[in-house]
Every structure is written in C-alpha cells, then in structure tokens.
$ cat data_11.cif   # mmCIF, N, CA and C atoms
data_input
#
loop_
_atom_site.label_atom_id
_atom_site.label_comp_id
_atom_site.auth_asym_id
_atom_site.auth_seq_id
_atom_site.Cartn_x
_atom_site.Cartn_y
_atom_site.Cartn_z
N MET A 1 -55.58 76.62 156.59
CA MET A 1 -56.05 77.65 155.70
C MET A 1 -54.97 78.74 155.65
N VAL A 2 -54.70 79.21 154.47
CA VAL A 2 -53.63 80.19 154.26
C VAL A 2 -54.21 81.40 153.54
N ASN A 3 -53.80 82.60 153.95
CA ASN A 3 -54.21 83.82 153.28
C ASN A 3 -53.57 83.84 151.89
N ALA A 4 -54.40 83.99 150.86
CA ALA A 4 -53.92 83.92 149.48
C ALA A 4 -52.95 85.06 149.15
N LYS A 5 -53.16 86.22 149.74
CA LYS A 5 -52.31 87.38 149.43
C LYS A 5 -51.00 87.36 150.19
N THR A 6 -51.06 87.08 151.49
CA THR A 6 -49.85 87.20 152.32
C THR A 6 -49.14 85.88 152.55
N GLY A 7 -49.85 84.78 152.37
CA GLY A 7 -49.27 83.47 152.63
C GLY A 7 -49.27 83.11 154.11
N ALA A 8 -49.85 83.99 154.96
CA ALA A 8 -49.90 83.73 156.41
C ALA A 8 -50.93 82.64 156.72
N GLN A 9 -50.56 81.78 157.64
CA GLN A 9 -51.47 80.71 158.04
C GLN A 9 -52.57 81.30 158.92
N LEU A 10 -53.84 81.09 158.52
CA LEU A 10 -54.98 81.65 159.22
C LEU A 10 -55.62 80.63 160.17
N TYR A 11 -55.50 79.37 159.83
CA TYR A 11 -56.22 78.33 160.56
C TYR A 11 -55.38 77.08 160.58
N ASP A 12 -55.32 76.46 161.73
CA ASP A 12 -54.56 75.22 161.86
C ASP A 12 -55.36 74.29 162.77
N ASN A 13 -55.57 73.08 162.34
CA ASN A 13 -56.32 72.13 163.14
C ASN A 13 -55.85 70.72 162.81
N THR A 14 -56.13 69.81 163.71
CA THR A 14 -55.75 68.43 163.51
C THR A 14 -56.96 67.55 163.79
N PHE A 15 -57.19 66.58 162.95
CA PHE A 15 -58.27 65.62 163.14
C PHE A 15 -57.67 64.22 163.17
N ILE A 16 -58.22 63.39 164.01
CA ILE A 16 -57.80 61.99 164.05
C ILE A 16 -58.85 61.19 163.29
N THR A 17 -58.39 60.37 162.39
CA THR A 17 -59.31 59.56 161.61
C THR A 17 -58.66 58.23 161.29
N ASN A 18 -59.50 57.24 161.06
CA ASN A 18 -58.98 55.95 160.63
C ASN A 18 -59.17 55.78 159.11
N HIS A 19 -59.62 56.86 158.46
CA HIS A 19 -59.76 56.84 156.99
C HIS A 19 -58.39 57.13 156.36
N ARG A 20 -58.12 56.44 155.29
CA ARG A 20 -56.89 56.70 154.54
C ARG A 20 -57.11 57.99 153.75
N LEU A 21 -56.25 58.96 153.96
CA LEU A 21 -56.40 60.26 153.30
C LEU A 21 -55.71 60.26 151.95
N SER A 22 -56.37 60.97 151.03
CA SER A 22 -55.80 61.15 149.69
C SER A 22 -56.20 62.54 149.21
N ALA A 23 -55.65 62.95 148.10
CA ALA A 23 -55.99 64.26 147.55
C ALA A 23 -57.48 64.35 147.21
N GLN A 24 -58.09 63.18 146.92
CA GLN A 24 -59.51 63.17 146.54
C GLN A 24 -60.45 63.29 147.74
N ASN A 25 -60.05 62.82 148.92
CA ASN A 25 -61.00 62.82 150.04
C ASN A 25 -60.62 63.74 151.20
N VAL A 26 -59.47 64.39 151.15
CA VAL A 26 -59.02 65.17 152.30
C VAL A 26 -59.97 66.32 152.62
N ALA A 27 -60.54 66.97 151.60
CA ALA A 27 -61.47 68.08 151.84
C ALA A 27 -62.74 67.57 152.53
N GLN A 28 -63.24 66.41 152.11
CA GLN A 28 -64.45 65.84 152.72
C GLN A 28 -64.20 65.43 154.17
N VAL A 29 -63.06 64.83 154.44
CA VAL A 29 -62.73 64.42 155.80
C VAL A 29 -62.59 65.65 156.70
N ALA A 30 -61.94 66.69 156.19
CA ALA A 30 -61.79 67.93 156.97
C ALA A 30 -63.15 68.56 157.24
N GLN A 31 -64.04 68.55 156.25
CA GLN A 31 -65.38 69.09 156.43
C GLN A 31 -66.15 68.29 157.48
N ALA A 32 -66.02 66.98 157.45
CA ALA A 32 -66.68 66.14 158.45
C ALA A 32 -66.12 66.44 159.85
N GLY A 33 -64.83 66.61 159.96
CA GLY A 33 -64.21 66.94 161.25
C GLY A 33 -64.70 68.27 161.79
N ARG A 34 -64.81 69.27 160.92
CA ARG A 34 -65.32 70.58 161.35
C ARG A 34 -66.79 70.47 161.76
N GLY A 35 -67.54 69.64 161.07
CA GLY A 35 -68.95 69.43 161.42
C GLY A 35 -69.10 68.81 162.80
N ARG A 36 -68.26 67.85 163.10
CA ARG A 36 -68.30 67.23 164.43
C ARG A 36 -67.91 68.23 165.51
N TRP A 37 -66.92 69.05 165.24
CA TRP A 37 -66.49 70.07 166.20
C TRP A 37 -67.60 71.09 166.43
N LYS A 38 -68.33 71.43 165.36
CA LYS A 38 -69.45 72.38 165.48
C LYS A 38 -70.53 71.81 166.40
N ILE A 39 -70.81 70.52 166.26
CA ILE A 39 -71.79 69.88 167.14
C ILE A 39 -71.34 69.98 168.59
N GLU A 40 -70.07 69.70 168.83
CA GLU A 40 -69.52 69.80 170.19
C GLU A 40 -69.70 71.21 170.74
N ASN A 41 -69.32 72.19 169.94
CA ASN A 41 -69.37 73.57 170.41
C ASN A 41 -70.80 74.06 170.64
N GLU A 42 -71.69 73.79 169.72
CA GLU A 42 -73.04 74.35 169.80
C GLU A 42 -73.96 73.59 170.74
N ASN A 43 -73.89 72.28 170.73
CA ASN A 43 -74.83 71.50 171.54
C ASN A 43 -74.29 71.21 172.94
N ASN A 44 -73.16 70.57 173.00
CA ASN A 44 -72.62 70.16 174.28
C ASN A 44 -72.14 71.34 175.11
N ASN A 45 -71.75 72.42 174.47
CA ASN A 45 -71.28 73.59 175.20
C ASN A 45 -72.37 74.16 176.11
N VAL A 46 -73.63 74.08 175.67
CA VAL A 46 -74.74 74.53 176.52
C VAL A 46 -74.76 73.73 177.80
N LEU A 47 -74.60 72.43 177.68
CA LEU A 47 -74.64 71.57 178.86
C LEU A 47 -73.43 71.76 179.76
N LYS A 48 -72.33 72.21 179.20
CA LYS A 48 -71.12 72.39 179.99
C LYS A 48 -71.05 73.75 180.67
N THR A 49 -71.56 74.78 180.02
CA THR A 49 -71.31 76.14 180.51
C THR A 49 -72.54 76.94 180.87
N LYS A 50 -73.73 76.45 180.66
CA LYS A 50 -74.94 77.25 180.88
C LYS A 50 -75.77 76.78 182.06
N GLY A 51 -75.11 76.29 183.10
CA GLY A 51 -75.82 75.97 184.32
C GLY A 51 -76.03 74.49 184.59
N TYR A 52 -75.75 73.62 183.63
CA TYR A 52 -75.94 72.19 183.84
C TYR A 52 -74.70 71.51 184.41
N HIS A 53 -73.56 72.17 184.36
CA HIS A 53 -72.31 71.67 184.92
C HIS A 53 -71.91 70.30 184.38
N LEU A 54 -72.22 70.05 183.13
CA LEU A 54 -71.82 68.79 182.51
C LEU A 54 -70.33 68.85 182.19
N GLU A 55 -69.61 67.91 182.70
CA GLU A 55 -68.18 67.83 182.44
C GLU A 55 -67.91 66.53 181.70
N HIS A 56 -66.69 66.38 181.24
CA HIS A 56 -66.35 65.14 180.55
C HIS A 56 -66.47 63.93 181.48
N ASN A 57 -66.25 64.14 182.75
CA ASN A 57 -66.34 63.05 183.71
C ASN A 57 -66.82 63.62 185.03
N PHE A 58 -67.87 63.04 185.59
CA PHE A 58 -68.43 63.53 186.84
C PHE A 58 -67.66 63.03 188.05
N GLY A 59 -66.82 62.12 187.86
CA GLY A 59 -66.09 61.58 188.99
C GLY A 59 -65.78 60.12 188.74
N HIS A 60 -65.30 59.52 189.74
CA HIS A 60 -64.91 58.12 189.61
C HIS A 60 -65.80 57.28 190.49
N GLY A 61 -67.02 57.04 190.03
CA GLY A 61 -67.96 56.22 190.77
C GLY A 61 -67.56 54.77 190.71
N LYS A 62 -68.21 53.98 191.54
CA LYS A 62 -67.90 52.55 191.59
C LYS A 62 -68.21 51.85 190.27
N GLN A 63 -69.38 52.19 189.67
CA GLN A 63 -69.72 51.47 188.46
C GLN A 63 -70.37 52.37 187.41
N TYR A 64 -71.54 52.92 187.70
CA TYR A 64 -72.29 53.65 186.68
C TYR A 64 -72.55 55.10 187.05
N LEU A 65 -71.81 55.67 187.98
CA LEU A 65 -72.09 57.02 188.45
C LEU A 65 -72.02 58.05 187.32
N SER A 66 -70.98 58.03 186.52
CA SER A 66 -70.83 59.02 185.45
C SER A 66 -71.98 58.93 184.46
N ALA A 67 -72.33 57.72 184.07
CA ALA A 67 -73.43 57.54 183.10
C ALA A 67 -74.76 57.99 183.70
N THR A 68 -74.96 57.71 184.99
CA THR A 68 -76.20 58.13 185.65
C THR A 68 -76.29 59.65 185.72
N MET A 69 -75.20 60.31 186.10
CA MET A 69 -75.19 61.76 186.18
C MET A 69 -75.40 62.39 184.80
N LEU A 70 -74.79 61.84 183.78
CA LEU A 70 -74.98 62.34 182.42
C LEU A 70 -76.45 62.19 182.02
N SER A 71 -77.04 61.04 182.30
CA SER A 71 -78.44 60.80 181.94
C SER A 71 -79.36 61.80 182.64
N LEU A 72 -79.12 62.06 183.92
CA LEU A 72 -79.94 63.02 184.66
C LEU A 72 -79.80 64.42 184.08
N ASN A 73 -78.59 64.80 183.71
CA ASN A 73 -78.37 66.11 183.10
C ASN A 73 -79.09 66.23 181.76
N LEU A 74 -79.02 65.20 180.94
CA LEU A 74 -79.69 65.23 179.65
C LEU A 74 -81.20 65.28 179.82
N LEU A 75 -81.73 64.55 180.81
CA LEU A 75 -83.17 64.60 181.08
C LEU A 75 -83.59 66.00 181.54
N ALA A 76 -82.78 66.63 182.39
CA ALA A 76 -83.09 67.99 182.85
C ALA A 76 -83.12 68.94 181.65
N PHE A 77 -82.12 68.83 180.77
CA PHE A 77 -82.09 69.70 179.60
C PHE A 77 -83.31 69.46 178.71
N LEU A 78 -83.70 68.20 178.54
CA LEU A 78 -84.89 67.86 177.75
C LEU A 78 -86.14 68.47 178.37
N PHE A 79 -86.31 68.31 179.67
CA PHE A 79 -87.50 68.86 180.33
C PHE A 79 -87.52 70.38 180.26
N HIS A 80 -86.38 71.02 180.42
CA HIS A 80 -86.34 72.48 180.32
C HIS A 80 -86.71 72.93 178.91
N THR A 81 -86.27 72.20 177.91
CA THR A 81 -86.61 72.54 176.53
C THR A 81 -88.11 72.37 176.30
N VAL A 82 -88.69 71.27 176.77
CA VAL A 82 -90.13 71.04 176.62
C VAL A 82 -90.91 72.12 177.35
N LEU A 83 -90.48 72.48 178.56
CA LEU A 83 -91.15 73.55 179.31
C LEU A 83 -91.12 74.87 178.54
N GLU A 84 -90.00 75.16 177.92
CA GLU A 84 -89.89 76.41 177.17
C GLU A 84 -90.88 76.45 176.01
N TRP A 85 -91.18 75.29 175.44
CA TRP A 85 -92.14 75.21 174.33
C TRP A 85 -93.59 75.17 174.80
N SER A 86 -93.83 74.64 176.00
CA SER A 86 -95.21 74.34 176.39
C SER A 86 -95.76 75.14 177.56
N ASP A 87 -94.93 75.80 178.32
CA ASP A 87 -95.39 76.53 179.50
C ASP A 87 -95.14 78.01 179.29
N GLU A 88 -96.22 78.77 179.12
CA GLU A 88 -96.11 80.19 178.81
C GLU A 88 -95.38 80.97 179.90
N GLN A 89 -95.66 80.65 181.15
CA GLN A 89 -95.00 81.35 182.26
C GLN A 89 -93.51 81.05 182.29
N TYR A 90 -93.15 79.78 182.15
CA TYR A 90 -91.73 79.40 182.12
C TYR A 90 -91.02 80.09 180.95
N ALA A 91 -91.66 80.06 179.78
CA ALA A 91 -91.05 80.67 178.59
C ALA A 91 -90.81 82.16 178.80
N LEU A 92 -91.77 82.84 179.44
CA LEU A 92 -91.60 84.27 179.71
C LEU A 92 -90.43 84.50 180.66
N LEU A 93 -90.35 83.72 181.71
CA LEU A 93 -89.24 83.88 182.67
C LEU A 93 -87.90 83.59 182.02
N ARG A 94 -87.83 82.58 181.17
CA ARG A 94 -86.57 82.26 180.49
C ARG A 94 -86.20 83.34 179.50
N GLN A 95 -87.20 84.02 178.93
CA GLN A 95 -86.92 85.11 178.01
C GLN A 95 -86.32 86.29 178.78
N VAL A 96 -86.88 86.59 179.94
CA VAL A 96 -86.42 87.72 180.74
C VAL A 96 -85.11 87.38 181.46
N LEU A 97 -85.04 86.20 182.03
CA LEU A 97 -83.82 85.72 182.69
C LEU A 97 -83.09 84.85 181.68
N ALA A 98 -82.56 85.48 180.66
CA ALA A 98 -82.05 84.75 179.49
C ALA A 98 -80.89 83.82 179.81
N ARG A 99 -80.03 84.20 180.74
CA ARG A 99 -78.93 83.30 181.11
C ARG A 99 -79.49 82.18 181.97
N ARG A 100 -79.30 80.95 181.56
CA ARG A 100 -79.79 79.82 182.34
C ARG A 100 -79.26 79.86 183.77
N GLN A 101 -78.01 80.26 183.92
CA GLN A 101 -77.42 80.31 185.26
C GLN A 101 -78.17 81.28 186.15
N THR A 102 -78.58 82.42 185.62
CA THR A 102 -79.36 83.39 186.40
C THR A 102 -80.69 82.78 186.81
N PHE A 103 -81.36 82.14 185.85
CA PHE A 103 -82.65 81.50 186.15
C PHE A 103 -82.47 80.44 187.22
N PHE A 104 -81.46 79.57 187.08
CA PHE A 104 -81.24 78.51 188.05
C PHE A 104 -80.90 79.07 189.43
N GLU A 105 -80.09 80.13 189.48
CA GLU A 105 -79.73 80.73 190.77
C GLU A 105 -80.96 81.31 191.47
N ASP A 106 -81.81 82.02 190.71
CA ASP A 106 -83.04 82.57 191.29
C ASP A 106 -83.95 81.45 191.78
N PHE A 107 -84.11 80.45 190.96
CA PHE A 107 -84.95 79.29 191.29
C PHE A 107 -84.44 78.61 192.56
N ARG A 108 -83.14 78.40 192.63
CA ARG A 108 -82.53 77.74 193.79
C ARG A 108 -82.72 78.57 195.06
N ALA A 109 -82.51 79.87 194.96
CA ALA A 109 -82.66 80.73 196.14
C ALA A 109 -84.10 80.73 196.63
N LEU A 110 -85.05 80.84 195.74
CA LEU A 110 -86.46 80.87 196.16
C LEU A 110 -86.87 79.55 196.81
N THR A 111 -86.51 78.44 196.21
CA THR A 111 -86.95 77.15 196.74
C THR A 111 -86.16 76.73 197.98
N ARG A 112 -85.05 77.37 198.23
CA ARG A 112 -84.30 77.09 199.45
C ARG A 112 -85.03 77.66 200.67
N TYR A 113 -85.67 78.82 200.50
CA TYR A 113 -86.25 79.52 201.64
C TYR A 113 -87.77 79.51 201.68
N MET A 114 -88.42 79.11 200.60
CA MET A 114 -89.88 79.12 200.57
C MET A 114 -90.40 77.81 200.00
N VAL A 115 -91.60 77.48 200.42
CA VAL A 115 -92.28 76.30 199.91
C VAL A 115 -93.48 76.78 199.10
N PHE A 116 -93.57 76.32 197.86
CA PHE A 116 -94.65 76.72 196.97
C PHE A 116 -95.62 75.56 196.81
N GLU A 117 -96.89 75.88 196.66
CA GLU A 117 -97.92 74.84 196.49
C GLU A 117 -97.68 74.00 195.24
N SER A 118 -97.19 74.66 194.19
CA SER A 118 -97.00 73.95 192.92
C SER A 118 -95.99 74.71 192.06
N TRP A 119 -95.65 74.08 190.97
CA TRP A 119 -94.77 74.68 189.97
C TRP A 119 -95.36 76.00 189.48
N HIS A 120 -96.67 76.00 189.21
CA HIS A 120 -97.32 77.19 188.67
C HIS A 120 -97.32 78.33 189.68
N HIS A 121 -97.43 78.01 190.96
CA HIS A 121 -97.36 79.06 191.97
C HIS A 121 -95.95 79.67 192.03
N LEU A 122 -94.95 78.85 191.87
CA LEU A 122 -93.58 79.35 191.84
C LEU A 122 -93.38 80.27 190.63
N MET A 123 -93.83 79.83 189.45
CA MET A 123 -93.70 80.64 188.25
C MET A 123 -94.45 81.96 188.41
N ALA A 124 -95.66 81.90 188.97
CA ALA A 124 -96.46 83.10 189.18
C ALA A 124 -95.77 84.05 190.15
N PHE A 125 -95.18 83.52 191.20
CA PHE A 125 -94.46 84.34 192.18
C PHE A 125 -93.30 85.06 191.52
N MET A 126 -92.56 84.36 190.69
CA MET A 126 -91.42 84.98 189.99
C MET A 126 -91.90 86.05 189.01
N ILE A 127 -92.98 85.77 188.29
CA ILE A 127 -93.52 86.73 187.33
C ILE A 127 -93.98 87.99 188.05
N ARG A 128 -94.67 87.81 189.17
CA ARG A 128 -95.13 88.96 189.95
C ARG A 128 -93.95 89.75 190.51
N GLY A 129 -92.93 89.04 191.02
CA GLY A 129 -91.77 89.71 191.58
C GLY A 129 -90.99 90.51 190.55
N LEU A 130 -90.97 90.03 189.32
CA LEU A 130 -90.27 90.72 188.23
C LEU A 130 -91.18 91.71 187.49
N LYS A 131 -92.44 91.82 187.96
CA LYS A 131 -93.42 92.74 187.37
C LYS A 131 -93.63 92.46 185.87
N LEU A 132 -93.89 91.20 185.57
CA LEU A 132 -94.05 90.76 184.18
C LEU A 132 -95.48 90.38 183.82
N GLU A 133 -96.44 90.64 184.71
CA GLU A 133 -97.82 90.19 184.48
C GLU A 133 -98.36 90.66 183.13
N THR A 134 -98.03 91.88 182.74
CA THR A 134 -98.58 92.44 181.50
C THR A 134 -97.94 91.82 180.26
N ARG A 135 -96.85 91.09 180.41
CA ARG A 135 -96.16 90.52 179.25
C ARG A 135 -96.68 89.14 178.86
N LEU A 136 -97.58 88.58 179.67
CA LEU A 136 -98.16 87.29 179.29
C LEU A 136 -99.12 87.51 178.13
N ASP A 137 -99.02 86.66 177.10
CA ASP A 137 -99.85 86.83 175.89
C ASP A 137 -101.33 86.67 176.17
N SER A 138 -101.65 85.69 176.99
CA SER A 138 -103.06 85.44 177.30
C SER A 138 -103.19 85.28 178.80
N LYS A 139 -104.41 85.18 179.24
CA LYS A 139 -104.62 84.98 180.67
C LYS A 139 -104.05 83.63 181.06
N PRO A 140 -103.23 83.59 182.09
CA PRO A 140 -102.69 82.30 182.53
C PRO A 140 -103.79 81.45 183.14
N THR A 141 -103.62 80.16 183.05
CA THR A 141 -104.62 79.25 183.60
C THR A 141 -104.52 79.16 185.12
N HIS A 142 -103.47 79.67 185.70
CA HIS A 142 -103.27 79.65 187.14
C HIS A 142 -103.19 81.07 187.66
N LYS A 143 -103.78 81.29 188.83
CA LYS A 143 -103.78 82.62 189.43
C LYS A 143 -102.35 83.12 189.64
N LEU A 144 -102.17 84.41 189.51
CA LEU A 144 -100.88 85.02 189.78
C LEU A 144 -100.78 85.44 191.24
N GLU A 145 -101.66 84.95 192.09
CA GLU A 145 -101.64 85.23 193.53
C GLU A 145 -101.41 83.94 194.28
N PRO A 146 -100.22 83.39 194.24
CA PRO A 146 -99.99 82.10 194.90
C PRO A 146 -100.03 82.22 196.42
N THR A 147 -100.46 81.15 197.04
CA THR A 147 -100.43 81.06 198.49
C THR A 147 -99.12 80.38 198.86
N LEU A 148 -98.34 81.04 199.68
CA LEU A 148 -97.05 80.48 200.08
C LEU A 148 -97.16 79.86 201.46
N ASP A 149 -96.59 78.69 201.59
CA ASP A 149 -96.47 78.04 202.88
C ASP A 149 -95.02 78.23 203.32
N THR A 150 -94.78 79.19 204.19
CA THR A 150 -93.40 79.49 204.62
C THR A 150 -93.03 78.80 205.92
N SER A 151 -93.83 77.83 206.31
CA SER A 151 -93.52 77.13 207.57
C SER A 151 -92.38 76.16 207.40
#
$ encode --input "data_11.cif" --output "structure tokens"
Amino acid sequence: MVNAKTGAQLYDNTFITNHRLSAQNVAQVAQAGRGRWKIENENNNVLKTKGYHLEHNFGHGKQYLSATMLSLNLLAFLFHTVLEWSDEQYALLRQVLARRQTFFEDFRALTRYMVFESWHHLMAFMIRGLKLETRLDSKPTHKLEPTLDTS
C-alpha cells in the first residue's frame, strides 16, 4: 500500500500461494491472505498470550504429544467459554478479573493451598473475597458461605 500524496510505502506484506497471480485476481488473493492473518491474530493469539500458553510446538514428544497438548488446550478454552455463558458466578469473576492470566493465577494460588468442596464453593469464595456479592444479578443457586476443608 502506498500513500497517494507522498508515494511513501505504508504497508508491505508477503503471502505464499499456489494460485497463479494475475492482474484480475491479485486483489482477491491479497484479501484472502489478510483474512487468514486476521484469524491468526484474533483467535489463536488468545490461546498463545492470554494464559493458555499455546505455542506452535509443545515439544518433541515420541508420537502424539504436541497434538494431545493442543487438544487439551482447545478443550480448556471451550470449557472456559461455555462457563462464561452459563455460570453466573464464573462470568462475574471473569468480568472483574478481565485478564485471563490474572484469573488463572488467582485460581492456581487458591487451589494450591486450599481444598474446596466444589467448583461453586470456590467461585463463591472468590466472589466473597473480592466483595462482589451485590453484583450478582439474581440469587445464586449455591450459598456464598462455602465450607473449606483446609486439611
């Protein structure tokens, strides 16, 4: 892309394709390339930089390690997305702890040192600790007074 007034190059990119390029299709091929790059940036970037630690390669396993690790990461992302849609307490915590990394770090620290009766008790404990009880839209189906087993 070139600035029409100054002639300065504003954008430079390269795409690899097996399509034969011509004056008639070069704009469409470039648009398709930018679309693929947008998918990489918007979707996969979350998995790489927002707490899931997804990399291009997890290591050099004997046979299926990389594929297994990728599958587990994608399943975790799927479950977190479903929880955000279906669990009011989780959704509230994710709204307040907006950075996934912050949420994961808090979650990891709590579960390292304490044992919770259930997922809902953990969510309730976090909500109470962050003083968010009044921000729940409706009465939660689980008590906000969890019993902790710290043994």
$ resolve_selection --input "data_11.cif" --expression "the PyMOL selection byres (((chain A and resi 44 and name CA) around 12) and name CA)" --output "ChimeraX atom specification"
/A:36-43,45-50,52-56,70,73-74,77
$ write_last_selection --input "data_11.cif" --atoms "N, CA and C atoms" --output "PDB file, keeping the file's coordinate frame"
ATOM      1  N   ARG A  36     -68.260  67.850 163.100  1.00  0.00           N
ATOM      2  CA  ARG A  36     -68.300  67.230 164.430  1.00  0.00           C
ATOM      3  C   ARG A  36     -67.910  68.230 165.510  1.00  0.00           C
ATOM      4  N   TRP A  37     -66.920  69.050 165.240  1.00  0.00           N
ATOM      5  CA  TRP A  37     -66.490  70.070 166.200  1.00  0.00           C
ATOM      6  C   TRP A  37     -67.600  71.090 166.430  1.00  0.00           C
ATOM      7  N   LYS A  38     -68.330  71.430 165.360  1.00  0.00           N
ATOM      8  CA  LYS A  38     -69.450  72.380 165.480  1.00  0.00           C
ATOM      9  C   LYS A  38     -70.530  71.810 166.400  1.00  0.00           C
ATOM     10  N   ILE A  39     -70.810  70.520 166.260  1.00  0.00           N
ATOM     11  CA  ILE A  39     -71.790  69.880 167.140  1.00  0.00           C
ATOM     12  C   ILE A  39     -71.340  69.980 168.590  1.00  0.00           C
ATOM     13  N   GLU A  40     -70.070  69.700 168.830  1.00  0.00           N
ATOM     14  CA  GLU A  40     -69.520  69.800 170.190  1.00  0.00           C
ATOM     15  C   GLU A  40     -69.700  71.210 170.740  1.00  0.00           C
ATOM     16  N   ASN A  41     -69.320  72.190 169.940  1.00  0.00           N
ATOM     17  CA  ASN A  41     -69.370  73.570 170.410  1.00  0.00           C
ATOM     18  C   ASN A  41     -70.800  74.060 170.640  1.00  0.00           C
ATOM     19  N   GLU A  42     -71.690  73.790 169.720  1.00  0.00           N
ATOM     20  CA  GLU A  42     -73.040  74.350 169.800  1.00  0.00           C
ATOM     21  C   GLU A  42     -73.960  73.590 170.740  1.00  0.00           C
ATOM     22  N   ASN A  43     -73.890  72.280 170.730  1.00  0.00           N
ATOM     23  CA  ASN A  43     -74.830  71.500 171.540  1.00  0.00           C
ATOM     24  C   ASN A  43     -74.290  71.210 172.940  1.00  0.00           C
ATOM     25  N   ASN A  45     -71.750  72.420 174.470  1.00  0.00           N
ATOM     26  CA  ASN A  45     -71.280  73.590 175.200  1.00  0.00           C
ATOM     27  C   ASN A  45     -72.370  74.160 176.110  1.00  0.00           C
ATOM     28  N   VAL A  46     -73.630  74.080 175.670  1.00  0.00           N
ATOM     29  CA  VAL A  46     -74.740  74.530 176.520  1.00  0.00           C
ATOM     30  C   VAL A  46     -74.760  73.730 177.800  1.00  0.00           C
ATOM     31  N   LEU A  47     -74.600  72.430 177.680  1.00  0.00           N
ATOM     32  CA  LEU A  47     -74.640  71.570 178.860  1.00  0.00           C
ATOM     33  C   LEU A  47     -73.430  71.760 179.760  1.00  0.00           C
ATOM     34  N   LYS A  48     -72.330  72.210 179.200  1.00  0.00           N
ATOM     35  CA  LYS A  48     -71.120  72.390 179.990  1.00  0.00           C
ATOM     36  C   LYS A  48     -71.050  73.750 180.670  1.00  0.00           C
ATOM     37  N   THR A  49     -71.560  74.780 180.020  1.00  0.00           N
ATOM     38  CA  THR A  49     -71.310  76.140 180.510  1.00  0.00           C
ATOM     39  C   THR A  49     -72.540  76.940 180.870  1.00  0.00           C
ATOM     40  N   LYS A  50     -73.730  76.450 180.660  1.00  0.00           N
ATOM     41  CA  LYS A  50     -74.940  77.250 180.880  1.00  0.00           C
ATOM     42  C   LYS A  50     -75.770  76.780 182.060  1.00  0.00           C
ATOM     43  N   TYR A  52     -75.750  73.620 183.630  1.00  0.00           N
ATOM     44  CA  TYR A  52     -75.940  72.190 183.840  1.00  0.00           C
ATOM     45  C   TYR A  52     -74.700  71.510 184.410  1.00  0.00           C
ATOM     46  N   HIS A  53     -73.560  72.170 184.360  1.00  0.00           N
ATOM     47  CA  HIS A  53     -72.310  71.670 184.920  1.00  0.00           C
ATOM     48  C   HIS A  53     -71.910  70.300 184.380  1.00  0.00           C
ATOM     49  N   LEU A  54     -72.220  70.050 183.130  1.00  0.00           N
ATOM     50  CA  LEU A  54     -71.820  68.790 182.510  1.00  0.00           C
ATOM     51  C   LEU A  54     -70.330  68.850 182.190  1.00  0.00           C
ATOM     52  N   GLU A  55     -69.610  67.910 182.700  1.00  0.00           N
ATOM     53  CA  GLU A  55     -68.180  67.830 182.440  1.00  0.00           C
ATOM     54  C   GLU A  55     -67.910  66.530 181.700  1.00  0.00           C
ATOM     55  N   HIS A  56     -66.690  66.380 181.240  1.00  0.00           N
ATOM     56  CA  HIS A  56     -66.350  65.140 180.550  1.00  0.00           C
ATOM     57  C   HIS A  56     -66.470  63.930 181.480  1.00  0.00           C
ATOM     58  N   LEU A  70     -74.790  61.840 183.780  1.00  0.00           N
ATOM     59  CA  LEU A  70     -74.980  62.340 182.420  1.00  0.00           C
ATOM     60  C   LEU A  70     -76.450  62.190 182.020  1.00  0.00           C
ATOM     61  N   ASN A  73     -78.590  64.800 183.710  1.00  0.00           N
ATOM     62  CA  ASN A  73     -78.370  66.110 183.100  1.00  0.00           C
ATOM     63  C   ASN A  73     -79.090  66.230 181.760  1.00  0.00           C
ATOM     64  N   LEU A  74     -79.020  65.200 180.940  1.00  0.00           N
ATOM     65  CA  LEU A  74     -79.690  65.230 179.650  1.00  0.00           C
ATOM     66  C   LEU A  74     -81.200  65.280 179.820  1.00  0.00           C
ATOM     67  N   PHE A  77     -82.120  68.830 180.770  1.00  0.00           N
ATOM     68  CA  PHE A  77     -82.090  69.700 179.600  1.00  0.00           C
ATOM     69  C   PHE A  77     -83.310  69.460 178.710  1.00  0.00           C
TER      70      PHE A  77
END
$ select_by_dssp --input "data_11.cif" --residues "segment 27-120 of chain A" --states "alpha helix (DSSP H)" --output "number ranges by chain"
A: 27-39, 45-49, 65-86, 88-96, 100-113, 119-120
$ resolve_selection --input "data_11.cif" --expression "the PyMOL selection byres (((chain A and resi 97-104 and name CA) around 10) and name CA)" --output "ChimeraX atom specification"
/A:46,49-52,91-96,105-110,130
$ closest_residue --input "data_11.cif" --among "A:Ala67, A:Arg112, A:Val82, A:Phe15" --to "Arg34 of chain A" --atoms "all atoms listed in the file"
A:Phe15
$ atom_distance --input "data_11.cif" --atom1 "atom CA of Gln89 of chain A" --atom2 "atom CA of Leu136 of chain A"
7.4 Å
$ atom_distance --input "data_11.cif" --atom1 "atom N of Ser71 of chain A" --atom2 "atom N of Ala124 of chain A"
28.7 Å
$ resolve_selection --input "data_11.cif" --expression "the PyMOL selection byres (((chain A and resi 14 and name CA) around 9) and name CA)" --output "PyMOL selection string"
chain A and resi 12-13+15-16+30+33
$ atom_distance --input "data_11.cif" --atom1 "atom CA of Tyr11 of chain A" --atom2 "atom CA of Ala27 of chain A"
14.4 Å
$ select_by_dssp --input "data_11.cif" --residues "chain A" --states "strand (DSSP E or B)" --output "list in words"
Val2, Gln9, Val115, Phe116, Leu148 and Asp149 of chain A
$ residues_around --input "data_11.cif" --residues "Thr111 of chain A" --least-positions-apart "4" --cutoff "12 Å" --atoms "only C-alpha atoms" --output "PyMOL selection string"
chain A and resi 104-107+115-119+121-123+125-126+148-150
